[in-house]
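S.K.: File entry02.txt below, compact mmCIF, C-alpha atoms:
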# COMPACT_ATOMS: atom_id res chain seq x y z
CA MET A 1 -33.14 -28.10 14.94
CA LEU A 2 -31.89 -26.91 11.55
CA ALA A 3 -32.36 -23.26 12.58
CA ARG A 4 -30.33 -23.83 15.73
CA THR A 5 -27.56 -25.52 13.74
CA LEU A 6 -27.38 -22.63 11.27
CA ALA A 7 -27.40 -20.11 14.11
CA GLN A 8 -24.59 -21.96 15.85
CA ASP A 9 -22.51 -21.85 12.66
CA ILE A 10 -22.85 -18.06 12.69
CA LEU A 11 -22.11 -17.72 16.41
CA GLY A 12 -19.04 -19.94 16.53
CA THR A 13 -17.81 -22.06 19.41
CA GLU A 14 -17.79 -19.49 22.25
CA LEU A 15 -21.46 -18.45 22.05
CA LYS A 16 -24.59 -20.57 22.47
CA PHE A 17 -27.89 -19.77 20.76
CA LEU A 18 -30.90 -19.48 23.12
CA SER A 19 -33.82 -17.81 21.28
CA PHE A 20 -34.78 -14.97 18.93
CA LYS A 21 -37.53 -12.41 18.43
CA THR A 22 -38.25 -9.34 16.32
CA TYR A 23 -36.41 -6.17 17.29
CA ARG A 24 -36.76 -2.78 15.60
CA SER A 25 -36.63 -3.53 11.85
CA GLY A 26 -34.87 -6.89 12.20
CA GLN A 27 -34.15 -9.65 14.71
CA ILE A 28 -32.40 -9.96 18.03
CA TRP A 29 -30.85 -13.23 19.15
CA ASP A 30 -30.39 -14.14 22.77
CA VAL A 31 -27.02 -15.86 23.10
CA GLU A 32 -24.99 -17.04 26.06
CA LYS A 33 -21.25 -16.79 26.56
CA LEU A 34 -19.89 -20.25 27.34
CA ARG A 35 -17.86 -20.50 30.50
CA SER A 36 -14.09 -20.73 30.22
CA GLU A 37 -11.55 -21.86 32.80
CA CYS A 38 -10.54 -18.28 33.62
CA GLU A 39 -10.65 -14.74 32.28
CA ILE A 40 -7.83 -12.20 32.04
CA CYS A 41 -8.16 -8.86 33.78
CA PRO A 42 -7.89 -6.08 31.15
CA LYS A 43 -6.05 -3.77 33.56
CA CYS A 44 -3.35 -5.94 35.15
CA ALA A 45 -3.52 -9.13 32.98
CA THR A 46 -4.07 -11.33 36.02
CA PRO A 47 -6.12 -14.54 35.49
CA SER A 48 -9.31 -14.80 37.52
CA ASN A 49 -12.03 -17.47 37.87
CA VAL A 50 -14.14 -15.73 40.55
CA ARG A 51 -17.57 -14.73 39.22
CA CYS A 52 -19.39 -11.80 40.81
CA GLY A 53 -22.61 -11.25 38.86
CA LYS A 54 -24.31 -11.32 35.48
CA LEU A 55 -24.92 -8.72 32.79
CA GLN A 56 -26.37 -8.36 29.28
CA VAL A 57 -25.03 -6.38 26.33
CA ILE A 58 -26.63 -5.76 22.94
CA VAL A 59 -24.28 -5.68 19.95
CA ARG A 60 -24.99 -5.15 16.25
CA GLU A 61 -24.04 -8.01 13.92
CA GLU A 62 -23.74 -8.23 10.14
CA SER A 63 -27.13 -8.39 8.40
CA ILE A 64 -28.50 -11.71 7.12
CA ARG A 65 -30.29 -11.43 3.75
CA HIS A 66 -30.59 -7.65 4.26
CA THR A 67 -32.29 -8.22 7.65
CA PRO A 68 -30.64 -6.28 10.50
CA LEU A 69 -29.39 -8.51 13.30
CA TRP A 70 -28.51 -7.86 16.95
CA PHE A 71 -27.11 -10.13 19.65
CA ARG A 72 -28.21 -9.91 23.30
CA VAL A 73 -25.20 -11.51 24.95
CA HIS A 74 -25.68 -13.01 28.44
CA LYS A 75 -22.33 -13.09 30.21
CA HIS A 76 -20.71 -12.71 33.64
CA ARG A 77 -18.60 -10.34 35.64
CA TYR A 78 -15.36 -11.54 37.20
CA PHE A 79 -13.48 -10.22 40.22
CA CYS A 80 -9.77 -9.48 40.00
CA LYS A 81 -8.04 -10.11 43.34
CA ALA A 82 -4.97 -8.09 42.34
CA CYS A 83 -6.90 -4.96 41.34
CA ARG A 84 -9.77 -5.68 43.76
CA LYS A 85 -12.19 -4.55 41.07
CA PRO A 86 -14.75 -6.40 38.89
CA PHE A 87 -14.53 -6.63 35.10
CA ALA A 88 -16.79 -8.03 32.39
CA GLU A 89 -15.68 -10.99 30.30
CA PRO A 90 -15.07 -10.07 26.64
CA THR A 91 -17.56 -10.78 23.86
CA PRO A 92 -16.12 -12.84 20.97
CA GLY A 93 -15.70 -10.81 17.80
CA VAL A 94 -16.25 -7.47 19.60
CA TRP A 95 -13.40 -5.16 20.52
CA PRO A 96 -13.42 -3.61 24.04
CA LYS A 97 -15.86 -0.74 24.66
CA ARG A 98 -17.75 -1.34 21.42
CA ARG A 99 -21.32 -2.34 20.60
CA THR A 100 -20.73 -3.64 17.07
CA THR A 101 -18.98 -6.79 15.91
CA GLN A 102 -15.93 -6.67 13.70
CA ARG A 103 -17.84 -8.43 10.91
CA PHE A 104 -20.45 -5.69 10.92
CA ARG A 105 -17.78 -2.99 10.78
CA LYS A 106 -16.12 -4.71 7.81
CA SER A 107 -19.44 -4.92 5.98
CA LEU A 108 -19.96 -1.19 6.60
CA ALA A 109 -16.53 -0.38 5.16
CA GLN A 110 -17.19 -2.59 2.12
CA ALA A 111 -20.54 -0.86 1.50
CA CYS A 112 -18.82 2.55 1.70
CA GLU A 113 -16.53 1.41 -1.13
CA ASN A 114 -19.32 0.04 -3.34
CA LEU A 115 -22.27 2.39 -2.85
CA THR A 116 -22.41 5.86 -4.38
CA ASP A 117 -22.02 7.93 -1.21
CA LEU A 118 -21.91 7.52 2.55
CA SER A 119 -25.41 8.91 3.11
CA ARG A 120 -26.89 5.93 1.24
CA VAL A 121 -24.86 3.55 3.39
CA ARG A 122 -26.15 5.30 6.51
CA LYS A 123 -29.78 4.90 5.41
CA PHE A 124 -29.30 1.30 4.23
CA PHE A 125 -27.78 0.09 7.51
CA SER A 126 -29.73 2.49 9.77
CA VAL A 127 -26.63 3.75 11.56
CA SER A 128 -25.55 7.22 12.64
CA SER A 129 -23.20 9.37 10.59
CA GLY A 130 -20.66 9.44 13.42
CA LEU A 131 -20.46 5.65 13.64
CA LEU A 132 -20.27 5.31 9.86
CA TYR A 133 -17.36 7.74 9.46
CA GLN A 134 -15.55 6.24 12.45
CA VAL A 135 -15.91 2.66 11.18
CA PHE A 136 -15.02 3.47 7.58
CA TYR A 137 -11.74 5.24 8.25
CA GLU A 138 -10.88 2.85 11.08
CA GLN A 139 -11.13 -0.11 8.67
CA LEU A 140 -9.04 1.78 6.10
CA ALA A 141 -6.37 2.34 8.75
CA ILE A 142 -6.40 -1.37 9.70
CA LYS A 143 -5.96 -2.34 6.05
CA LEU A 144 -3.16 0.18 5.63
CA ARG A 145 -1.18 -1.28 8.54
CA GLU A 146 -0.48 -4.32 6.37
CA ARG A 147 1.95 -2.25 4.30
CA SER A 148 3.52 -0.26 7.13
CA ASN A 149 7.31 0.13 7.09
CA GLN A 150 7.41 -0.73 3.40
CA PRO A 151 10.77 0.48 1.99
CA TRP A 152 11.18 2.98 -0.82
CA PRO A 153 11.03 1.51 -4.36
CA THR A 154 13.85 1.94 -6.88
CA ILE A 155 11.89 4.16 -9.33
CA ILE A 156 9.39 6.75 -8.10
CA GLY A 157 7.34 9.57 -9.58
CA ILE A 158 6.46 12.83 -7.78
CA ASP A 159 3.67 15.26 -8.59
CA GLU A 160 1.13 17.43 -6.77
CA HIS A 161 -2.55 18.32 -7.01
CA PHE A 162 -4.96 20.71 -5.32
CA PHE A 163 -6.35 19.69 -1.92
CA ARG A 164 -8.26 22.59 -0.32
CA ARG A 165 -8.32 26.29 0.49
CA LYS A 166 -7.86 27.09 4.16
CA ASN A 167 -7.53 30.56 5.71
CA HIS A 168 -7.36 32.10 2.21
CA ARG A 169 -4.43 29.84 1.34
CA THR A 170 -4.29 27.10 -1.27
CA GLU A 171 -3.00 23.77 0.03
CA PHE A 172 -1.58 21.04 -2.20
CA VAL A 173 -0.98 17.32 -1.77
CA THR A 174 2.20 15.62 -3.02
CA VAL A 175 1.68 12.20 -4.58
CA ILE A 176 4.55 9.68 -4.73
CA THR A 177 4.09 6.66 -7.00
CA ASN A 178 5.92 3.38 -7.36
CA LEU A 179 6.69 3.23 -11.10
CA THR A 180 8.03 -0.33 -10.90
CA LYS A 181 4.74 -1.78 -9.62
CA ASN A 182 2.39 0.87 -11.10
CA ARG A 183 0.73 1.87 -7.84
CA LEU A 184 0.57 4.71 -5.33
CA PHE A 185 3.28 4.62 -2.67
CA GLU A 186 2.75 7.61 -0.33
CA VAL A 187 0.79 10.85 0.04
CA ALA A 188 2.10 13.94 1.87
CA LEU A 189 0.58 17.33 2.63
CA GLY A 190 2.10 20.38 0.92
CA LYS A 191 4.91 20.76 -1.56
CA ASP A 192 7.46 22.66 0.52
CA THR A 193 10.84 20.94 0.90
CA LYS A 194 11.09 21.11 4.70
CA LEU A 195 7.47 20.10 5.24
CA LEU A 196 7.78 17.10 2.92
CA TYR A 197 11.08 16.04 4.46
CA GLU A 198 9.55 15.92 7.96
CA GLN A 199 6.75 13.68 6.70
CA LEU A 200 8.89 11.30 4.61
CA LYS A 201 12.19 11.06 6.48
CA ASP A 202 11.18 8.04 8.61
CA ILE A 203 10.35 5.74 5.68
CA PRO A 204 13.18 3.16 5.41
CA GLY A 205 15.23 2.38 2.31
CA LYS A 206 16.11 5.88 1.06
CA GLU A 207 19.28 4.49 -0.53
CA ASN A 208 17.15 2.17 -2.71
CA VAL A 209 15.80 5.03 -4.84
CA GLU A 210 17.71 5.23 -8.13
CA ILE A 211 15.43 7.32 -10.40
CA VAL A 212 12.96 10.09 -9.58
CA VAL A 213 10.61 11.36 -12.31
CA MET A 214 9.06 14.76 -11.59
CA ASP A 215 8.11 18.13 -13.05
CA MET A 216 10.59 20.99 -13.10
CA SER A 217 10.05 22.05 -9.50
CA ASN A 218 12.98 23.43 -7.51
CA SER A 219 11.41 22.38 -4.20
CA TYR A 220 11.11 18.76 -5.37
CA ARG A 221 14.66 18.78 -6.70
CA ALA A 222 15.91 20.04 -3.34
CA LEU A 223 13.90 17.31 -1.62
CA VAL A 224 15.49 14.62 -3.81
CA LYS A 225 19.00 15.87 -2.99
CA LEU A 226 18.16 15.93 0.71
CA LEU A 227 16.28 12.63 0.96
CA PHE A 228 17.68 10.31 -1.73
CA PRO A 229 21.50 10.37 -1.94
CA ASN A 230 21.78 7.88 -4.85
CA ALA A 231 18.89 9.11 -7.01
CA LYS A 232 18.97 10.66 -10.47
CA VAL A 233 16.24 13.05 -11.60
CA ILE A 234 14.35 12.80 -14.91
CA ALA A 235 12.30 15.83 -15.98
CA ASP A 236 8.84 14.68 -17.00
CA LYS A 237 8.24 14.88 -20.74
CA PHE A 238 4.66 16.17 -20.43
CA HIS A 239 5.66 19.19 -18.33
CA VAL A 240 8.53 20.08 -20.66
CA LEU A 241 6.30 20.06 -23.75
CA ARG A 242 3.82 22.46 -22.17
CA LEU A 243 6.38 25.05 -21.04
CA LEU A 244 5.36 27.45 -23.82
CA SER A 245 1.60 26.81 -23.58
CA PRO A 246 0.88 29.80 -21.24
CA SER A 247 2.81 32.15 -23.54
CA LEU A 248 0.98 30.88 -26.63
CA ILE A 249 -2.40 31.34 -24.94
CA LYS A 250 -1.44 34.84 -23.77
CA HIS A 251 -0.32 36.03 -27.24
CA ARG A 252 -3.40 34.54 -28.92
CA ALA A 253 -5.64 36.31 -26.36
CA GLU A 254 -3.89 39.62 -27.09
CA ILE A 255 -4.74 39.19 -30.76
CA HIS A 256 -8.33 37.92 -30.55
CA GLY A 257 -9.52 38.48 -27.01
CA HIS A 258 -10.43 35.89 -24.44
CA ARG A 259 -13.04 33.73 -26.22
CA LYS A 260 -12.75 34.57 -29.90
CA GLU A 261 -11.04 32.21 -32.31
CA LEU A 262 -11.15 29.40 -29.75
CA ARG A 263 -10.51 26.91 -32.52
CA TYR A 264 -7.07 28.39 -33.27
CA ARG A 265 -6.21 28.27 -29.59
CA ARG A 266 -6.72 24.52 -29.60
CA LEU A 267 -4.84 24.07 -32.87
CA ILE A 268 -1.86 26.08 -31.61
CA LEU A 269 -1.50 23.88 -28.54
CA CYS A 270 -1.71 20.61 -30.51
CA ASN A 271 1.30 18.76 -31.86
CA GLU A 272 1.47 19.77 -35.52
CA ARG A 273 2.28 16.25 -36.68
CA SER A 274 -0.96 14.94 -35.17
CA LEU A 275 -3.09 17.32 -37.29
CA ASP A 276 -4.56 16.51 -40.70
CA TYR A 277 -3.07 18.17 -43.77
CA ASP A 278 -5.96 20.65 -44.13
CA LEU A 279 -5.78 21.78 -40.51
CA ARG A 280 -2.00 22.02 -40.67
CA PHE A 281 -2.16 24.17 -43.80
CA GLU A 282 -4.86 26.39 -42.26
CA LEU A 283 -2.82 26.83 -39.08
CA ARG A 284 0.29 27.84 -41.00
CA ARG A 285 -1.62 30.45 -43.01
CA TYR A 286 -3.00 31.85 -39.75
CA LEU A 287 0.43 32.00 -38.09
CA GLU A 288 1.98 33.86 -41.06
CA LYS A 289 -0.16 36.88 -40.12
CA HIS A 290 1.26 36.97 -36.56
CA PRO A 291 5.09 36.68 -36.52
CA LYS A 292 5.53 36.59 -32.70
CA LEU A 293 2.97 33.87 -32.30
CA GLN A 294 4.53 31.99 -35.20
CA GLU A 295 7.98 32.10 -33.61
CA LEU A 296 6.70 30.81 -30.27
CA HIS A 297 4.81 28.05 -32.05
CA ARG A 298 7.95 27.08 -33.92
CA PHE A 299 9.90 26.74 -30.65
CA LYS A 300 7.07 24.64 -29.23
CA GLU A 301 7.32 22.31 -32.23
CA ARG A 302 11.10 22.16 -31.75
CA LEU A 303 10.49 20.71 -28.27
CA HIS A 304 8.37 17.97 -29.84
CA GLU A 305 11.13 17.31 -32.36
CA PHE A 306 13.63 17.07 -29.52
CA TYR A 307 11.63 14.27 -27.87
CA ARG A 308 11.27 12.44 -31.19
CA THR A 309 15.05 12.14 -31.41
CA LYS A 310 16.52 8.63 -31.26
CA GLY A 311 19.54 8.12 -29.00
CA PHE A 312 21.31 10.11 -26.32
CA ARG A 313 24.00 11.64 -28.57
CA ARG A 314 21.52 12.94 -31.15
CA ALA A 315 19.28 14.27 -28.39
CA ARG A 316 22.17 16.27 -26.94
CA GLN A 317 22.94 17.75 -30.37
CA SER A 318 19.27 18.61 -30.91
CA LEU A 319 19.08 20.33 -27.52
CA GLU A 320 22.24 22.36 -28.23
CA ARG A 321 20.79 23.59 -31.54
CA LEU A 322 17.53 24.52 -29.81
CA LEU A 323 19.38 26.47 -27.09
CA ARG A 324 21.40 28.29 -29.74
CA ASP A 325 18.25 29.33 -31.65
CA LEU A 326 16.52 30.39 -28.44
CA GLY A 327 19.50 32.60 -27.57
CA ALA A 328 19.27 34.31 -30.99
CA SER A 329 15.59 35.15 -30.50
CA LEU A 330 14.49 38.59 -29.24
CA LEU A 331 11.37 37.35 -27.49
CA PRO A 332 11.53 37.40 -23.66
CA GLU A 333 9.62 34.08 -23.56
CA ALA A 334 12.39 32.47 -25.61
CA LYS A 335 15.07 33.80 -23.19
CA LYS A 336 13.10 32.42 -20.25
CA LEU A 337 12.70 29.03 -21.93
CA LYS A 338 16.42 28.90 -22.66
CA ASN A 339 17.33 29.54 -19.01
CA THR A 340 14.91 26.84 -17.88
CA LEU A 341 16.29 24.26 -20.32
CA ILE A 342 19.88 25.05 -19.31
CA ALA A 343 19.04 24.67 -15.60
CA TRP A 344 17.43 21.26 -16.25
CA LYS A 345 19.66 20.12 -19.11
CA GLU A 346 20.99 16.91 -17.57
CA THR A 347 17.58 15.82 -16.32
CA LEU A 348 16.14 16.36 -19.80
CA LEU A 349 18.81 14.25 -21.48
CA LEU A 350 18.56 11.45 -18.90
CA TYR A 351 15.13 10.63 -20.35
CA PHE A 352 16.80 9.26 -23.49
CA THR A 353 18.68 6.62 -21.48
CA LYS A 354 15.94 5.55 -19.02
CA ARG A 355 12.69 6.42 -20.89
CA PHE A 356 10.52 6.96 -17.80
CA THR A 357 7.63 9.43 -17.66
CA ASN A 358 5.12 10.52 -15.03
CA GLY A 359 2.10 9.23 -16.94
CA LEU A 360 1.09 6.92 -14.09
CA THR A 361 1.41 9.73 -11.54
CA GLU A 362 -0.81 11.99 -13.65
CA ALA A 363 -3.38 9.19 -13.96
CA LEU A 364 -3.45 8.70 -10.17
CA ASN A 365 -3.80 12.47 -9.76
CA GLY A 366 -6.93 12.22 -11.90
CA ARG A 367 -8.27 9.43 -9.71
CA ALA A 368 -7.54 11.52 -6.62
CA LYS A 369 -9.60 14.39 -8.03
CA LEU A 370 -12.47 11.97 -8.70
CA LEU A 371 -12.34 10.87 -5.05
CA GLN A 372 -12.47 14.50 -3.95
CA ARG A 373 -15.50 15.21 -6.13
CA ARG A 374 -17.25 12.07 -4.93
CA ALA A 375 -16.79 13.13 -1.29
CA TYR A 376 -17.51 16.83 -2.04
CA GLY A 377 -14.05 17.67 -0.74
CA TYR A 378 -12.11 16.67 2.37
CA ARG A 379 -11.41 18.67 5.50
CA SER A 380 -9.10 16.15 7.15
CA PHE A 381 -5.87 15.29 5.34
CA LYS A 382 -5.54 12.15 7.51
CA ASN A 383 -8.83 10.76 6.18
CA TYR A 384 -7.99 11.82 2.63
CA ARG A 385 -4.63 10.04 2.80
CA LEU A 386 -6.26 6.83 4.07
CA ARG A 387 -8.90 6.95 1.33
CA LEU A 388 -6.44 7.64 -1.47
CA LEU A 389 -3.87 5.05 -0.41
CA ASN A 390 -6.51 2.33 -0.12
CA ALA A 391 -8.01 3.28 -3.49
CA CYS A 392 -4.71 3.45 -5.43
CA GLY A 393 -2.06 1.78 -3.30
CA PHE A 394 -3.10 -1.88 -3.54
Could you show the structure in this file as structure tokens?
M.R.:
Amino acid sequence: MLARTLAQDILGTELKFLSFKTYRSGQIWDVEKLRSECEICPKCATPSNVRCGKLQVIVREESIRHTPLWFRVHKHRYFCKACRKPFAEPTPGVWPKRRTTQRFRKSLAQACENLTDLSRVRKFFSVSSGLLYQVFYEQLAIKLRERSNQPWPTIIGIDEHFFRRKNHRTEFVTVITNLTKNRLFEVALGKDTKLLYEQLKDIPGKENVEIVVMDMSNSYRALVKLLFPNAKVIADKFHVLRLLSPSLIKHRAEIHGHRKELRYRRLILCNERSLDYDLRFELRRYLEKHPKLQELHRFKERLHEFYRTKGFRRARQSLERLLRDLGASLLPEAKKLKNTLIAWKETLLLYFTKRFTNGLTEALNGRAKLLQRRAYGYRSFKNYRLRLLNACGF
């Protein structure tokens, strides 16, 4: 009696427990679909109460205490007078044309999140790889529909990371973050302006965006002008500070080769104020022997001094002095840096009034790379977008 009561609690009010026996590596329950007043035809939505036969279907249910469970559902066929065709009455908790309950599919998706990889989930539940992949990304899509048509936030961050190589071409993924709520907002394939615009143009609330934080990318700046009419752009502090890093690495390699003096390579790229006195003194003695490298390092430190400035007015004065010194230099890297800073001058100075960076976007980029390594890469951008949004968007 107690077993029947517990079984009935699992089955609900539309199914009746009959018996059970062992089946494969678990149990199979024989259950009966209770009769209702009428059933609705799935083709024409016409009510029908005319029965025309019986049938049995076996569906997989969520495991009980790690014991696999199946239902053998005894139900009827009905005849639709409008269509003049029979149809089977639906099974509670099972979507049409499926042989698994929704509870089982949710447990599969939850296991895919918690276990190390999908192959372990497949062995644990004894299901096929095709069913597992279908259920996992289907449940992610269902969860993602809860936030569909969500409008643009007021402050966003934009950055990109590597996705895959296809047909000898490198493809990137653009990540858009909500900096007001510290979460991922949207993911788009590529970093070309027209391609991104086609993917993002249908999201409502473009006029809500007030601030966009991004690296110094001309394609992203063109996208902001095209998509967000009221937005102001802030150049990300991290990307500005590393503008001279490739030139410093190149000049050091010309002096010592590729791998030699690796310690000085790391010291050159560090902020000098973060070094101990002994390391700072050693670095300065080393730079005195190489005037070009010393000059580039001095301009790199000037960028750090620029971001340590307090207030918008002093920051503007500091930037003007830096541009003047860069113009007086004979190094081609200094000329290139000057042109870049002039082109992005207003976006650099806007940081001192709003104080927003892309630190959150870079952190989510790191999490995206972890997801790629865990899955050994993705072939489908659709599946990758679902996985990333559900991992970082809620």
S.K.: Residues at most 12 Å from Ala45 of chain A, counting only C-alpha atoms, excluding those fewer than 4 positions away in the same chain, as a ChimeraX atom specification?
M.R.: /A:38-41,80-83,87
S.K.: State, in Å with one decimal place, the distance from atom CA of Phe228 of chain A to atom CA of Arg387 of chain A.
M.R.: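 Those two atoms sit 27.0 Å apart.
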S.K.: Can you work out the spacing between atom CA of Tyr378 of chain A and atom CA of Tyr133 of chain A in Å, to one decimal?
M.R.: 12.6 Å
S.K.: Choose the residue, out of A:Asn167, A:Thr100, A:Asn178, A:Ser148, that has the smallest atom-to-atom separation from Val135 of chain A; count all atoms listed in the file.
M.R.: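 Going through A:Asn167, A:Thr100, A:Asn178, A:Ser148 one by one, the smallest distance to Val135 of chain A is for A:Thr100.
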S.K.: Select, from A:Tyr307, A:Met216, A:Leu370, A:Gly190, the residue with the minimum atom-to-atom distance to Leu341 of chain A, counting all atoms listed in the file.
M.R.: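 Closest to Leu341 of chain A of all the choices is A:Met216.
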S.K.: Excluding Trp70 of chain A and any residue of its chain fewer than 4 positions from it, enumerate the residues within 9 Å of it, using all atoms listed in the file, and give them as a short mmCIF file (atom, residue, chain, number, x, y, z; two decimals) with C-alpha atoms, keeping the file's coordinate frame.
M.R.:
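Just written: out-v1.cif:
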data_model
loop_
_atom_site.label_atom_id
_atom_site.label_comp_id
_atom_site.auth_asym_id
_atom_site.auth_seq_id
_atom_site.Cartn_x
_atom_site.Cartn_y
_atom_site.Cartn_z
CA TYR A 23 -36.41 -6.17 17.29
CA GLY A 26 -34.87 -6.89 12.20
CA GLN A 27 -34.15 -9.65 14.71
CA ILE A 28 -32.40 -9.96 18.03
CA TRP A 29 -30.85 -13.23 19.15
CA ASP A 30 -30.39 -14.14 22.77
CA ILE A 58 -26.63 -5.76 22.94
CA VAL A 59 -24.28 -5.68 19.95
CA ARG A 60 -24.99 -5.15 16.25
CA GLU A 61 -24.04 -8.01 13.92
CA GLU A 62 -23.74 -8.23 10.14
CA SER A 63 -27.13 -8.39 8.40
CA THR A 100 -20.73 -3.64 17.07
#
S.K.: Using the atoms already present, construct N, CA, C and O atoms for segment 325-338 of chain A and hand them back as a CSV table (one decimal), in the frame of the given file.
M.R.:
chain,number,residue,atom,x,y,z
A,325,ASP,N,19.3,28.6,-31.0
A,325,ASP,CA,18.2,29.3,-31.6
A,325,ASP,C,17.4,30.2,-30.7
A,325,ASP,O,17.0,31.3,-31.0
A,326,LEU,N,17.2,29.6,-29.5
A,326,LEU,CA,16.5,30.4,-28.4
A,326,LEU,C,17.3,31.6,-28.0
A,326,LEU,O,16.8,32.7,-27.7
A,327,GLY,N,18.6,31.5,-27.9
A,327,GLY,CA,19.5,32.6,-27.6
A,327,GLY,C,19.5,33.7,-28.6
A,327,GLY,O,19.7,34.9,-28.3
A,328,ALA,N,19.3,33.3,-29.9
A,328,ALA,CA,19.3,34.3,-31.0
A,328,ALA,C,17.9,35.0,-31.1
A,328,ALA,O,17.8,36.1,-31.8
A,329,SER,N,16.9,34.5,-30.4
A,329,SER,CA,15.6,35.2,-30.5
A,329,SER,C,15.5,36.4,-29.6
A,329,SER,O,16.2,36.5,-28.6
A,330,LEU,N,14.7,37.3,-30.0
A,330,LEU,CA,14.5,38.6,-29.2
A,330,LEU,C,13.3,38.5,-28.3
A,330,LEU,O,13.1,39.5,-27.5
A,331,LEU,N,12.5,37.5,-28.3
A,331,LEU,CA,11.4,37.4,-27.5
A,331,LEU,C,11.8,37.0,-26.0
A,331,LEU,O,12.6,36.2,-25.8
A,332,PRO,N,11.2,37.7,-25.1
A,332,PRO,CA,11.5,37.4,-23.7
A,332,PRO,C,11.1,36.0,-23.3
A,332,PRO,O,11.8,35.4,-22.4
A,333,GLU,N,10.0,35.4,-23.9
A,333,GLU,CA,9.6,34.1,-23.6
A,333,GLU,C,10.7,33.1,-24.0
A,333,GLU,O,10.9,32.0,-23.4
A,334,ALA,N,11.3,33.4,-25.1
A,334,ALA,CA,12.4,32.5,-25.6
A,334,ALA,C,13.6,32.5,-24.7
A,334,ALA,O,14.2,31.5,-24.4
A,335,LYS,N,14.0,33.7,-24.2
A,335,LYS,CA,15.1,33.8,-23.2
A,335,LYS,C,14.7,33.0,-21.9
A,335,LYS,O,15.6,32.3,-21.4
A,336,LYS,N,13.5,33.1,-21.5
A,336,LYS,CA,13.1,32.4,-20.2
A,336,LYS,C,13.1,30.9,-20.5
A,336,LYS,O,13.6,30.2,-19.6
A,337,LEU,N,12.7,30.5,-21.6
A,337,LEU,CA,12.7,29.0,-21.9
A,337,LEU,C,14.1,28.5,-22.0
A,337,LEU,O,14.4,27.4,-21.5
A,338,LYS,N,15.0,29.3,-22.6
A,338,LYS,CA,16.4,28.9,-22.7
A,338,LYS,C,17.0,28.7,-21.3
A,338,LYS,O,17.7,27.7,-21.0
